[in-house]
>>> print(open('structure_9.txt').read())   # compact mmCIF, C-alpha atoms
# COMPACT_ATOMS: atom_id res chain seq x y z
CA MET A 394 -3.23 12.43 14.87
CA PRO A 395 -0.80 14.04 12.42
CA ASN A 396 -1.78 17.25 10.71
CA VAL A 397 -1.06 17.65 7.02
CA SER A 398 -0.81 21.07 5.39
CA LEU A 399 -0.70 21.13 1.64
CA THR A 400 -1.85 23.10 -1.36
CA VAL A 401 -4.41 21.27 -3.48
CA ASN A 402 -5.44 22.78 -6.80
CA GLY A 403 -4.28 26.18 -5.61
CA GLN A 404 -6.07 26.09 -2.26
CA GLN A 405 -4.27 25.79 1.06
CA GLN A 406 -5.61 22.85 3.09
CA SER A 407 -4.89 21.66 6.62
CA VAL A 408 -6.24 18.24 7.47
CA GLN A 409 -6.05 15.83 10.41
CA VAL A 410 -5.15 12.33 9.21
CA GLU A 411 -3.91 9.02 10.59
CA GLY A 412 -0.34 7.99 9.87
CA ARG A 413 -1.69 5.30 7.58
CA THR A 414 -4.05 7.57 5.60
CA LEU A 415 -3.17 7.40 1.92
CA LEU A 416 -2.90 10.54 -0.17
CA VAL A 417 -5.77 9.31 -2.33
CA GLU A 418 -7.93 8.85 0.79
CA LEU A 419 -7.15 12.39 1.88
CA LEU A 420 -8.15 13.70 -1.54
CA ARG A 421 -11.30 11.64 -1.98
CA GLU A 422 -12.63 11.25 1.55
CA LYS A 423 -11.41 14.36 3.39
CA LEU A 424 -11.44 16.90 0.54
CA ARG A 425 -14.21 15.21 -1.49
CA LEU A 426 -12.15 15.44 -4.67
CA THR A 427 -13.50 12.23 -6.16
CA GLY A 428 -12.15 12.76 -9.66
CA THR A 429 -9.05 10.84 -8.61
CA HIS A 430 -10.04 7.19 -8.84
CA VAL A 431 -8.89 4.05 -7.05
CA GLY A 432 -8.74 1.15 -9.46
CA CYS A 433 -6.39 -1.57 -8.28
CA ASP A 434 -5.08 -0.04 -5.02
CA THR A 435 -1.82 -1.89 -5.75
CA SER A 436 0.06 0.82 -7.72
CA GLN A 437 -0.41 -0.93 -11.05
CA CYS A 438 -3.39 0.63 -12.84
CA GLY A 439 -2.66 4.37 -12.58
CA ALA A 440 -6.28 5.52 -12.11
CA CYS A 441 -5.14 7.43 -8.99
CA VAL A 442 -2.33 9.46 -10.63
CA VAL A 443 -2.02 13.04 -9.39
CA HIS A 444 0.82 15.55 -9.50
CA VAL A 445 2.84 16.17 -6.34
CA ASP A 446 5.22 19.10 -6.75
CA GLY A 447 4.86 18.72 -10.51
CA GLU A 448 5.66 14.99 -10.71
CA SER A 449 3.07 12.33 -11.47
CA VAL A 450 2.66 9.84 -8.62
CA LYS A 451 0.25 7.07 -7.74
CA ALA A 452 -1.78 8.53 -4.89
CA CYS A 453 -2.67 5.04 -3.63
CA THR A 454 1.00 4.41 -2.90
CA MET A 455 1.88 7.55 -1.03
CA LEU A 456 0.93 8.46 2.52
CA ALA A 457 -0.93 11.69 3.12
CA VAL A 458 1.74 12.67 5.67
CA GLN A 459 4.39 12.31 2.95
CA ALA A 460 2.62 15.08 1.04
CA ASP A 461 2.90 17.54 3.94
CA GLY A 462 4.13 20.86 2.57
CA SER A 463 3.59 19.79 -1.03
CA THR A 464 1.64 21.25 -3.91
CA VAL A 465 -0.84 18.75 -5.31
CA THR A 466 -2.78 18.98 -8.56
CA THR A 467 -5.67 16.63 -9.26
CA ILE A 468 -7.85 16.27 -12.34
CA GLU A 469 -10.20 18.88 -10.83
CA GLY A 470 -7.37 21.42 -10.87
CA LEU A 471 -6.38 21.05 -14.50
CA ALA A 472 -9.01 23.19 -16.23
CA ALA A 473 -8.80 27.00 -16.06
CA PRO A 474 -10.88 28.71 -13.34
CA ASP A 475 -13.43 29.77 -15.98
CA GLY A 476 -13.94 26.13 -16.95
CA THR A 477 -11.87 26.18 -20.13
CA LEU A 478 -10.50 22.68 -20.48
CA HIS A 479 -6.78 21.98 -20.39
CA PRO A 480 -5.51 21.07 -23.89
CA MET A 481 -5.07 17.47 -22.74
CA GLN A 482 -8.68 17.27 -21.56
CA GLU A 483 -9.84 18.90 -24.78
CA ALA A 484 -7.83 16.38 -26.80
CA PHE A 485 -9.26 13.41 -24.90
CA ARG A 486 -12.72 14.71 -25.74
CA GLU A 487 -11.97 15.51 -29.38
CA TYR A 488 -10.23 12.18 -30.04
CA HIS A 489 -12.73 10.05 -28.13
CA ALA A 490 -9.91 8.81 -25.90
CA LEU A 491 -12.23 7.21 -23.38
CA GLN A 492 -15.06 4.81 -23.23
CA CYS A 493 -16.14 4.07 -19.65
CA GLY A 494 -13.93 6.87 -18.35
CA PHE A 495 -12.68 5.19 -15.20
CA CYS A 496 -8.99 5.36 -16.12
CA THR A 497 -9.31 8.81 -17.69
CA PRO A 498 -8.32 11.06 -14.76
CA GLY A 499 -5.10 9.10 -14.24
CA MET A 500 -4.43 8.91 -17.97
CA VAL A 501 -4.79 12.67 -18.34
CA MET A 502 -2.58 13.44 -15.33
CA SER A 503 0.11 11.01 -16.50
CA ALA A 504 -0.09 12.41 -20.03
CA VAL A 505 0.39 16.00 -18.86
CA ASP A 506 3.51 15.01 -16.87
CA LEU A 507 4.77 13.03 -19.86
CA VAL A 508 4.45 16.04 -22.18
CA HIS A 509 6.20 18.27 -19.63
CA LYS A 510 9.10 15.79 -19.45
CA HIS A 511 9.52 15.68 -23.25
CA PRO A 512 9.64 19.32 -24.31
CA GLN A 513 10.74 18.37 -27.85
CA GLY A 514 7.64 16.23 -28.35
CA MET A 515 7.19 12.46 -28.33
CA SER A 516 6.86 9.85 -31.05
CA GLU A 517 3.93 7.46 -30.95
CA GLN A 518 6.23 4.78 -29.52
CA GLU A 519 7.46 7.10 -26.76
CA ILE A 520 3.88 7.94 -25.81
CA ARG A 521 2.99 4.25 -25.62
CA GLU A 522 6.02 3.49 -23.46
CA GLY A 523 5.34 6.52 -21.29
CA LEU A 524 1.87 5.20 -20.48
CA GLU A 525 3.20 1.93 -19.09
CA GLY A 526 1.91 2.81 -15.63
CA ASN A 527 -1.68 3.37 -16.74
CA LEU A 528 -4.11 0.64 -17.66
CA CYS A 529 -7.25 1.10 -19.76
CA ARG A 530 -9.60 -1.84 -20.27
CA CYS A 531 -11.92 -0.24 -22.84
CA THR A 532 -10.43 1.66 -25.72
CA GLY A 533 -7.27 -0.26 -26.38
CA TYR A 534 -5.09 2.85 -26.12
CA HIS A 535 -5.15 3.92 -29.80
CA ASN A 536 -7.25 7.01 -29.28
CA ILE A 537 -5.51 7.86 -26.01
CA VAL A 538 -2.18 7.89 -27.86
CA LYS A 539 -3.65 10.01 -30.66
CA ALA A 540 -5.06 12.48 -28.14
CA ILE A 541 -1.73 12.89 -26.36
CA ALA A 542 0.08 13.33 -29.69
CA ALA A 543 -2.37 16.09 -30.63
CA ALA A 544 -2.33 17.76 -27.20
CA GLN A 545 1.46 18.01 -27.08
CA GLU A 546 1.41 20.09 -30.28
CA VAL A 547 -0.74 22.68 -28.51
CA MET A 548 0.95 22.46 -25.11
CA GLN A 549 4.38 22.96 -26.68
CA GLY A 550 3.30 25.79 -28.95
CA ARG A 551 3.68 24.11 -32.33
CA ARG A 552 -0.03 24.60 -33.03
CA ASP A 553 -2.42 27.26 -31.78
CA ALA A 554 -5.41 24.96 -31.65
CA LEU A 555 -6.04 21.27 -31.45
CA ALA A 556 -5.93 19.43 -34.79
CA PRO A 557 -9.41 18.05 -35.42
CA ALA A 558 -9.76 14.29 -35.20
CA GLU A 559 -10.27 12.43 -38.46
CA VAL A 560 -13.74 10.93 -38.60
CA MET B 568 -2.90 -1.22 6.81
CA TYR B 569 -2.36 -1.11 10.58
CA ASP B 570 -1.76 2.38 11.93
CA PHE B 571 1.69 3.51 13.04
CA ALA B 572 3.46 6.56 14.40
CA TYR B 573 5.12 8.72 11.76
CA HIS B 574 8.46 10.47 12.16
CA LYS B 575 10.31 12.68 9.69
CA PRO B 576 13.86 13.25 10.96
CA SER B 577 16.21 15.73 9.28
CA THR B 578 19.54 14.02 10.00
CA VAL B 579 20.92 10.49 9.67
CA ALA B 580 21.79 10.47 13.39
CA GLU B 581 18.22 11.32 14.32
CA ALA B 582 16.87 8.61 11.97
CA VAL B 583 19.21 5.96 13.36
CA GLY B 584 18.08 6.91 16.87
CA LEU B 585 14.43 6.41 15.90
CA LEU B 586 15.27 3.12 14.15
CA ALA B 587 16.75 1.75 17.38
CA ASP B 588 13.16 0.71 18.11
CA PRO B 589 13.17 -2.82 16.62
CA ASP B 590 9.57 -2.39 15.43
CA ALA B 591 10.21 0.89 13.59
CA ARG B 592 10.81 0.76 9.81
CA PRO B 593 12.43 3.29 7.49
CA ILE B 594 10.39 4.48 4.50
CA SER B 595 12.11 6.04 1.49
CA GLY B 596 9.97 6.15 -1.67
CA GLY B 597 7.44 3.75 -0.21
CA GLN B 598 6.82 1.87 -3.46
CA THR B 599 7.49 -1.50 -1.82
CA ILE B 600 6.76 -1.01 1.85
CA LEU B 601 3.35 0.62 1.36
CA PRO B 602 1.97 -2.26 -0.74
CA ALA B 603 3.42 -4.66 1.87
CA LEU B 604 1.77 -2.76 4.72
CA LYS B 605 -1.56 -2.75 2.88
CA HIS B 606 -1.38 -6.53 2.89
CA ARG B 607 -0.60 -6.41 6.62
CA LEU B 608 2.60 -8.32 6.02
CA ASP B 609 4.21 -6.17 8.70
CA HIS B 610 2.98 -4.23 11.71
CA PRO B 611 5.53 -1.50 12.42
CA SER B 612 5.26 0.67 15.52
CA ALA B 613 6.52 3.63 13.52
CA LEU B 614 7.58 4.65 10.03
CA VAL B 615 10.69 6.81 9.85
CA ASP B 616 10.43 8.91 6.67
CA LEU B 617 13.90 9.53 5.24
CA SER B 618 12.83 12.11 2.67
CA GLY B 619 13.71 15.09 4.85
CA ILE B 620 17.38 14.13 5.24
CA ALA B 621 19.45 16.24 2.86
CA GLU B 622 22.64 14.21 3.37
CA LEU B 623 20.95 11.13 1.82
CA ARG B 624 20.26 12.89 -1.47
CA GLY B 625 22.41 13.78 -4.41
CA ILE B 626 24.33 12.08 -7.18
CA ARG B 627 27.91 13.03 -7.96
CA ARG B 628 31.10 11.86 -9.58
CA GLU B 629 34.05 11.60 -7.20
CA GLY B 630 37.18 10.75 -9.18
CA ASP B 631 36.75 7.26 -10.62
CA ARG B 632 33.46 6.58 -8.83
CA ILE B 633 29.82 7.57 -9.09
CA VAL B 634 28.33 8.16 -5.65
CA ILE B 635 24.55 7.90 -5.40
CA GLY B 636 22.75 8.99 -2.25
CA ALA B 637 20.43 6.30 -0.88
CA MET B 638 17.42 8.61 -1.32
CA ALA B 639 18.16 9.39 -4.98
CA ARG B 640 15.00 8.61 -6.92
CA HIS B 641 15.04 6.41 -10.01
CA ASN B 642 14.01 9.29 -12.28
CA GLU B 643 16.89 11.40 -10.94
CA ILE B 644 19.37 8.59 -11.64
CA GLN B 645 18.06 7.92 -15.17
CA ASN B 646 18.41 11.60 -16.10
CA ASP B 647 21.63 12.42 -14.24
CA PRO B 648 24.34 13.66 -16.65
CA ALA B 649 27.20 12.14 -14.60
CA VAL B 650 25.57 8.70 -14.45
CA LYS B 651 24.61 8.80 -18.14
CA ALA B 652 28.18 9.69 -19.12
CA ALA B 653 30.03 7.29 -16.81
CA ILE B 654 27.72 4.25 -16.50
CA PRO B 655 25.00 4.51 -19.17
CA ALA B 656 23.82 0.95 -18.44
CA LEU B 657 22.97 2.03 -14.88
CA ALA B 658 21.04 5.06 -16.13
CA TRP B 659 19.15 2.82 -18.57
CA MET B 660 18.36 0.40 -15.75
CA ALA B 661 16.98 3.21 -13.58
CA GLY B 662 14.81 4.39 -16.47
CA HIS B 663 13.34 0.95 -17.20
CA LEU B 664 12.21 -0.31 -13.82
CA GLY B 665 8.67 -0.02 -12.54
CA ASP B 666 6.84 2.73 -14.41
CA THR B 667 7.07 6.51 -14.62
CA GLN B 668 5.12 7.08 -11.40
CA VAL B 669 7.09 4.44 -9.48
CA ARG B 670 10.33 6.01 -10.74
CA ASN B 671 9.17 9.42 -9.55
CA ARG B 672 8.92 8.10 -5.97
CA GLY B 673 11.11 5.00 -5.59
CA THR B 674 14.75 5.21 -4.53
CA MET B 675 17.91 3.24 -5.18
CA GLY B 676 18.61 2.86 -1.47
CA GLY B 677 15.14 1.53 -0.79
CA SER B 678 15.43 -1.04 -3.55
CA LEU B 679 18.90 -2.20 -2.49
CA ALA B 680 17.99 -2.38 1.20
CA ASN B 681 14.96 -4.51 0.30
CA ASN B 682 16.88 -6.83 -2.08
CA ASP B 683 13.84 -8.22 -3.85
CA PRO B 684 14.93 -11.16 -6.04
CA ALA B 685 13.10 -9.52 -8.97
CA ALA B 686 14.73 -6.10 -8.46
CA ASP B 687 17.15 -4.60 -11.01
CA TYR B 688 19.85 -2.72 -9.06
CA PRO B 689 21.38 -5.72 -7.21
CA SER B 690 22.92 -7.08 -10.43
CA ALA B 691 24.47 -3.72 -11.30
CA ALA B 692 25.85 -3.28 -7.80
CA LEU B 693 27.44 -6.74 -7.71
CA ALA B 694 28.75 -6.63 -11.30
CA LEU B 695 30.32 -3.20 -10.83
CA GLY B 696 31.78 -4.04 -7.41
CA ALA B 697 29.85 -1.30 -5.61
CA THR B 698 30.45 -0.29 -2.02
CA PHE B 699 27.51 0.17 0.34
CA VAL B 700 27.99 3.06 2.75
CA THR B 701 25.93 2.97 5.95
CA ASP B 702 25.69 5.10 9.07
CA ARG B 703 28.40 2.93 10.67
CA ARG B 704 30.58 1.18 8.04
CA ARG B 705 31.33 0.35 4.41
CA ILE B 706 30.20 -3.00 2.95
CA ALA B 707 31.53 -4.54 -0.29
CA ALA B 708 28.87 -5.76 -2.72
CA ASP B 709 30.44 -9.24 -2.48
CA ASP B 710 29.44 -9.34 1.19
CA TYR B 711 26.22 -7.35 0.98
CA PHE B 712 23.77 -9.61 -0.89
CA GLN B 713 22.77 -12.60 1.23
CA GLY B 714 19.79 -14.11 -0.60
CA MET B 715 16.11 -13.38 -0.91
CA PHE B 716 15.17 -10.10 0.84
CA THR B 717 18.35 -10.46 2.94
CA THR B 718 21.39 -8.18 3.10
CA ALA B 719 24.34 -7.60 5.40
CA LEU B 720 22.52 -4.62 6.95
CA GLU B 721 22.02 -5.09 10.68
CA PRO B 722 18.73 -4.20 12.39
CA GLY B 723 18.56 -0.42 12.59
CA GLU B 724 21.52 0.12 10.23
CA LEU B 725 20.82 2.74 7.61
CA LEU B 726 22.13 2.65 4.05
CA THR B 727 23.29 6.19 3.21
CA ALA B 728 24.98 5.95 -0.21
CA ILE B 729 26.17 3.53 -2.86
CA GLU B 730 29.52 4.01 -4.61
CA PHE B 731 29.99 2.57 -8.09
CA PRO B 732 33.51 2.30 -9.57
CA ILE B 733 33.31 3.48 -13.18
CA PRO B 734 33.76 0.51 -15.54
CA GLU B 735 35.38 0.36 -18.97
CA LYS B 736 32.26 -1.33 -20.31
CA ALA B 737 28.92 -2.31 -18.87
CA GLY B 738 25.65 -3.57 -20.30
CA TYR B 739 22.29 -4.78 -19.06
CA ALA B 740 19.44 -6.73 -20.60
CA LYS B 741 16.33 -8.16 -19.04
CA MET B 742 13.09 -9.94 -19.76
CA ARG B 743 10.40 -8.46 -17.61
CA ASN B 744 6.96 -9.63 -16.70
CA PRO B 745 4.68 -7.53 -18.90
CA ALA B 746 2.04 -7.10 -16.18
CA SER B 747 4.04 -6.48 -13.01
CA ARG B 748 7.12 -5.09 -14.80
CA TYR B 749 9.32 -7.01 -12.37
CA VAL B 750 12.35 -8.81 -13.80
CA MET B 751 11.93 -12.44 -14.90
CA THR B 752 15.63 -12.71 -15.72
CA GLY B 753 18.21 -9.98 -16.13
CA VAL B 754 21.95 -10.06 -16.76
CA PHE B 755 24.40 -7.24 -16.04
CA VAL B 756 27.88 -7.59 -17.56
CA ALA B 757 30.81 -5.35 -16.68
CA ARG B 758 34.50 -5.08 -17.36
CA GLY B 759 36.27 -2.74 -15.00
CA PRO B 760 37.95 -2.33 -11.62
CA ALA B 761 36.08 -5.36 -10.23
CA GLY B 762 37.23 -7.51 -13.15
CA ILE B 763 34.93 -9.14 -15.67
CA ARG B 764 31.62 -9.96 -14.05
CA VAL B 765 28.39 -11.50 -15.29
CA VAL B 766 25.62 -11.17 -12.71
CA VAL B 767 22.13 -12.63 -12.95
CA ASN B 768 19.09 -11.08 -11.26
CA GLY B 769 15.46 -12.12 -11.26
CA ALA B 770 16.14 -15.78 -12.00
CA GLY B 771 17.20 -17.03 -8.58
CA PRO B 772 16.40 -16.28 -4.94
CA GLY B 773 19.13 -13.63 -5.05
CA VAL B 774 21.69 -12.21 -7.46
CA PHE B 775 24.54 -14.51 -8.43
CA ARG B 776 27.66 -14.45 -10.60
CA GLN B 777 27.79 -16.69 -13.67
CA SER B 778 31.45 -17.71 -13.39
CA GLU B 779 31.53 -19.87 -16.51
CA MET B 780 30.46 -16.89 -18.62
CA GLU B 781 32.92 -14.63 -16.82
CA ALA B 782 35.79 -16.98 -17.76
CA ALA B 783 34.58 -17.16 -21.37
CA LEU B 784 34.40 -13.36 -21.63
CA ALA B 785 37.88 -13.00 -20.17
CA ALA B 786 39.16 -14.98 -23.16
CA ASN B 787 36.86 -13.43 -25.75
CA TRP B 788 34.60 -10.44 -25.06
CA SER B 789 31.76 -11.17 -27.45
CA PRO B 790 28.20 -12.55 -27.38
CA ASP B 791 29.47 -15.67 -29.19
CA ALA B 792 31.70 -16.50 -26.25
CA VAL B 793 28.70 -17.20 -23.99
CA ALA B 794 26.23 -18.45 -26.62
CA SER B 795 26.80 -22.14 -25.89
CA ILE B 796 26.98 -21.83 -22.09
CA ARG B 797 23.87 -23.22 -20.42
CA GLN B 798 22.78 -22.05 -16.99
CA SER B 799 21.59 -24.89 -14.73
CA ALA B 800 17.97 -24.55 -13.60
CA ASP B 801 18.80 -26.00 -10.18
CA GLY B 802 17.75 -23.57 -7.45
CA LEU B 803 16.23 -21.01 -9.85
CA ASN B 804 12.74 -19.59 -9.35
CA GLY B 805 9.76 -21.21 -11.02
CA ASP B 806 6.28 -19.74 -10.77
CA ILE B 807 3.14 -19.07 -12.80
CA HIS B 808 5.08 -16.57 -14.92
CA GLY B 809 7.83 -18.95 -15.98
CA SER B 810 9.52 -22.21 -15.03
CA ALA B 811 13.03 -22.48 -13.63
CA GLU B 812 14.09 -24.01 -16.97
CA TYR B 813 12.70 -21.00 -18.85
CA ARG B 814 14.56 -18.59 -16.60
CA ALA B 815 17.75 -20.64 -17.01
CA HIS B 816 17.39 -20.41 -20.79
CA LEU B 817 16.89 -16.65 -20.52
CA VAL B 818 20.22 -16.27 -18.71
CA THR B 819 22.13 -17.10 -21.90
CA VAL B 820 19.83 -14.96 -24.07
CA MET B 821 20.06 -11.95 -21.76
CA ALA B 822 23.82 -12.36 -21.32
CA LYS B 823 24.31 -12.15 -25.10
CA ARG B 824 22.13 -9.05 -25.30
CA ALA B 825 23.91 -7.44 -22.33
CA ILE B 826 27.29 -7.96 -23.97
CA LEU B 827 25.97 -6.40 -27.18
CA ASP B 828 24.66 -3.51 -25.10
CA ALA B 829 28.05 -3.05 -23.43
CA GLY B 830 29.78 -2.99 -26.82
>>> encode(input="structure_9.txt", output="structure tokens")
Amino acid sequence: MPNVSLTVNGQQQSVQVEGRTLLVELLREKLRLTGTHVGCDTSQCGACVVHVDGESVKACTMLAVQADGSTVTTIEGLAAPDGTLHPMQEAFREYHALQCGFCTPGMVMSAVDLVHKHPQGMSEQEIREGLEGNLCRCTGYHNIVKAIAAAQEVMQGRRDALAPAEV
Amino acid sequence: MYDFAYHKPSTVAEAVGLLADPDARPISGGQTILPALKHRLDHPSALVDLSGIAELRGIRREGDRIVIGAMARHNEIQNDPAVKAAIPALAWMAGHLGDTQVRNRGTMGGSLANNDPAADYPSAALALGATFVTDRRRIAADDYFQGMFTTALEPGELLTAIEFPIPEKAGYAKMRNPASRYVMTGVFVARGPAGIRVVVNGAGPGVFRQSEMEAALAANWSPDAVASIRQSADGLNGDIHGSAEYRAHLVTVMAKRAILDAG
């Protein structure tokens, strides 16, 4: 059986897998990192999005062996070691950007990559288009878009703290 | 998914050696083959991962051509300064297929070797008169596309790069399925070294040239020139997402938009 060595959320891991083991199976079943969800298992819904070497990917459509030597970040690795939430997580909470929460880990991981790829900031339309690979069946996206718009202001240094949500 | 052996060669020669096994399959970005394997549509003895082969990567301008390594990912193509400057319609195409996560993994070579009827790149390659470079020969786009999921590639032959002559003008427009994001009908128009070409993707079992529109554009390069030309629905795809007649109608609409896009 192939051996996969990779860094997950800052920790070096070495795991025996089958050739056919998916990255998301390695994360959930071998490493017990169950924050990464499997929604559709057909690379459409985006619930399984993680970062591989800084790029957002659908972990249901990547083999574990393809991640050999890579650095992977999952939703569990986003907050600071002391538990302080990442600005994107904080914004999702502040803006009530979730209802059932199933899509949330993938939404947050996609959103963080999106902000990194648009250092000048995104318009509402750009955020909506950038989320094309993530499906939410509860909130209708409005609050997710608002949360990402607010988080990018903090992540890119235009604000020190998150703008409070209007009630 | 059935299990398989996994190989990660570091040279084209090594990969071609491994692909001599008729049951071995190459994997590039995996965005098509992995979903297919999950459905057990194929049972390969081995997957040969091409991502460790440096000579398959890279995008560069060489004189009057843009050369794109088969393993170049869609997000690299959409953001590449040379592609954006020389063939902006191709950069736009790369940035509007699949979604962000698919574009972070999927490759041009993988898409063109697969030749899905609903893929984007085949229309650009045929309209621009691209050349397909493999481990053993060069194939003109005119000879390369041979219908649904079929190309001129022989068993075990590996696509290594695609060369695009830089056109004077090129434009692309498509209607895509809002759920799957695959193309319902797309049209790529180009005026350049390969002449004036109007190529339709997504509507039929494979890409095809719309010669009536090409002749009209040769006389008058404007959306009006093609506005009254009707594509026949004979042989086009009809499915739950749209009838053959609907796709035929879209050919004219997308051609007009592509010409506007080309300027």
>>> residues_around(input="structure_9.txt", residues="Lys605 of chain B", least_positions_apart="5", cutoff="9 Å", atoms="all atoms listed in the file", output="ChimeraX atom specification")
/A:435 /B:568-569,600
>>> write_last_selection(input="structure_9.txt", atoms="C-alpha atoms", output="PDB file, in the coordinates of the input")
ATOM      1  CA  THR A 435      -1.820  -1.890  -5.750  1.00  0.00           C
TER       2      THR A 435
ATOM      3  CA  MET B 568      -2.900  -1.220   6.810  1.00  0.00           C
ATOM      4  CA  TYR B 569      -2.360  -1.110  10.580  1.00  0.00           C
ATOM      5  CA  ILE B 600       6.760  -1.010   1.850  1.00  0.00           C
TER       6      ILE B 600
END
>>> atom_distance(input="structure_9.txt", atom1="atom CA of Val505 of chain A", atom2="atom CA of Met481 of chain A")
6.9 Å
>>> interface_residues(input="structure_9.txt", of="chain B", to="chain A", cutoff="12 Å", atoms="all atoms listed in the file", output="ChimeraX atom specification")
/B:568-575,594-607,610-619,640,642-643,646,662-673,745-749
>>> atom_distance(input="structure_9.txt", atom1="atom CA of Leu623 of chain B", atom2="atom CA of Pro576 of chain B")
11.8 Å
>>> closest_residue(input="structure_9.txt", among="A:Ser463, A:Cys441, A:Ala457, A:Val417", to="Gly403 of chain A", atoms="only C-alpha atoms")
A:Ser463
>>> closest_residue(input="structure_9.txt", among="A:Cys496, A:Val410, A:Leu419, A:Val401", to="Val431 of chain A", atoms="all atoms listed in the file")
A:Cys496
>>> closest_residue(input="structure_9.txt", among="B:Pro722, B:Ala658, B:Val634, B:Ser577", to="Ile620 of chain B", atoms="only C-alpha atoms")
B:Ser577
>>> closest_residue(input="structure_9.txt", among="A:Gly428, A:Gly462, A:Pro512, A:Pro557", to="Met500 of chain A", atoms="all atoms listed in the file")
A:Gly428
>>> closest_residue(input="structure_9.txt", among="B:Gly723, B:Gly738, B:Gly630, B:Gly636", to="Ala580 of chain B", atoms="all atoms listed in the file")
B:Gly723
>>> atom_distance(input="structure_9.txt", atom1="atom CA of Ala556 of chain A", atom2="atom CA of Gly499 of chain A")
23.0 Å
>>> residues_around(input="structure_9.txt", residues="Met780 of chain B", least_positions_apart="4", cutoff="12 Å", atoms="all atoms listed in the file", output="VMD selection string")
chain B and resid 754 to 757 763 to 767 776 784 to 798 818 to 819 821 to 823 826
>>> residues_near_point(input="structure_9.txt", point="(28.7, 3.2, 1.0)", cutoff="12 Å", atoms="only C-alpha atoms", output="ChimeraX atom specification")
/B:623,632-637,676,679,692,696-708,711,720,725-732
>>> residues_around(input="structure_9.txt", residues="Glu546 of chain A", least_positions_apart="5", cutoff="8 Å", atoms="all atoms listed in the file", output="PyMOL selection string")
chain A and resi 514+551-552+555
>>> closest_residue(input="structure_9.txt", among="B:Ala691, B:Ile626, B:Ala661, B:Ala800", to="Pro648 of chain B", atoms="all atoms listed in the file")
B:Ile626
>>> residues_near_point(input="structure_9.txt", point="(-1.5, 6.6, -32.4)", cutoff="10 Å", atoms="all atoms listed in the file", output="PyMOL selection string")
chain A and resi 516-518+520-521+534-543
